[in-house]
Amino acid sequence: ATKAIHTFMNRPPAAEEIATVFKDIDSEKRQKLGFLDVLLLMKRLGEGRHMSVKEYPFTLKGLSEQKLREVLQLYPLAAIYIRNLQPHELLENVCNYTGWRADQNLRDLPDPIRNPRQLCDRIRHAQGRPKRLSSTD
């Protein structure tokens, strides 16, 4: 449970506070918590404080080759050109077209981008094209 807390909370509470809440939840003294118990533990530890979940960086260098190719398809480039690019060339081209560095955390932008779909939507919007509709829209 402690590992989960430190993984998902930006500012985890002190070990003593975790132990106190753990004892409260583990009333049967099993020294083990199930999944729902861990969620309850995190909820109780987060009460009364600003608890935020860690967000891992979203960068262009973290995109798969397929996603990089999809991004490049949004620009006026020949499909054969995109298909023939080597992996390092894909990333370099995407950086050149978007204007973002390969290691730049796009979640830190004033209007954050958190995933590949939002990245493609942002590019479409900048080009004056409508967002792609998904089956859930």
# chains A, B, ... in the order shown; residues from 1 in each chain; ligands from 1

$ select_by_dssp --residues "segment 18-129 of chain A" --states "helix (DSSP H, G or I)" --output "PyMOL selection string"
chain A and resi 18-25+35-46+60-62+65-72+79-84+87-98+106-108+116-126

$ residues_around --residues "segment 70-83 of chain A" --least-positions-apart "3" --cutoff "9 Å" --atoms "only C-alpha atoms" --output "PyMOL selection string"
chain A and resi 65-67+86+90+93-94+97+116+119-120+123-124

$ write_last_selection --atoms "C-alpha atoms" --output "CSV table (one decimal), in the first residue's frame"
chain,number,residue,atom,x,y,z
A,65,GLU,CA,6.7,5.1,-34.7
A,66,GLN,CA,3.1,4.5,-35.8
A,67,LYS,CA,1.8,7.6,-33.8
A,86,GLN,CA,13.7,6.2,-40.4
A,90,LEU,CA,10.2,10.6,-37.9
A,93,ASN,CA,10.2,15.8,-38.6
A,94,VAL,CA,7.4,15.9,-36.0
A,97,TYR,CA,6.4,20.6,-37.9
A,116,PRO,CA,-1.9,11.4,-28.8
A,119,LEU,CA,-2.0,16.2,-30.0
A,120,CYS,CA,-3.7,15.4,-33.3
A,123,ILE,CA,-2.7,20.1,-34.9
A,124,ARG,CA,-6.1,19.9,-36.7

$ atom_distance --atom1 "atom CA of Ala102 of chain A" --atom2 "atom CA of Ser64 of chain A"
12.5 Å

$ atom_distance --atom1 "atom CA of Gly62 of chain A" --atom2 "atom CA of Leu91 of chain A"
9.7 Å

$ closest_residue --among "A:Arg101, A:Lys43, A:Lys23, A:Lys32" --to "Lys61 of chain A" --atoms "only C-alpha atoms"
A:Arg101

$ residues_around --residues "Asn115 of chain A" --least-positions-apart "5" --cutoff "12 Å" --atoms "only C-alpha atoms" --output "PyMOL selection string"
chain A and resi 55-60+62-63+67+105-107+120-122

$ atom_distance --atom1 "atom CA of His88 of chain A" --atom2 "atom CA of Gln104 of chain A"
16.3 Å

$ residues_around --residues "Glu47 of chain A" --least-positions-apart "5" --cutoff "12 Å" --atoms "only C-alpha atoms" --output "ChimeraX atom specification"
/A:13,21,40-42,52
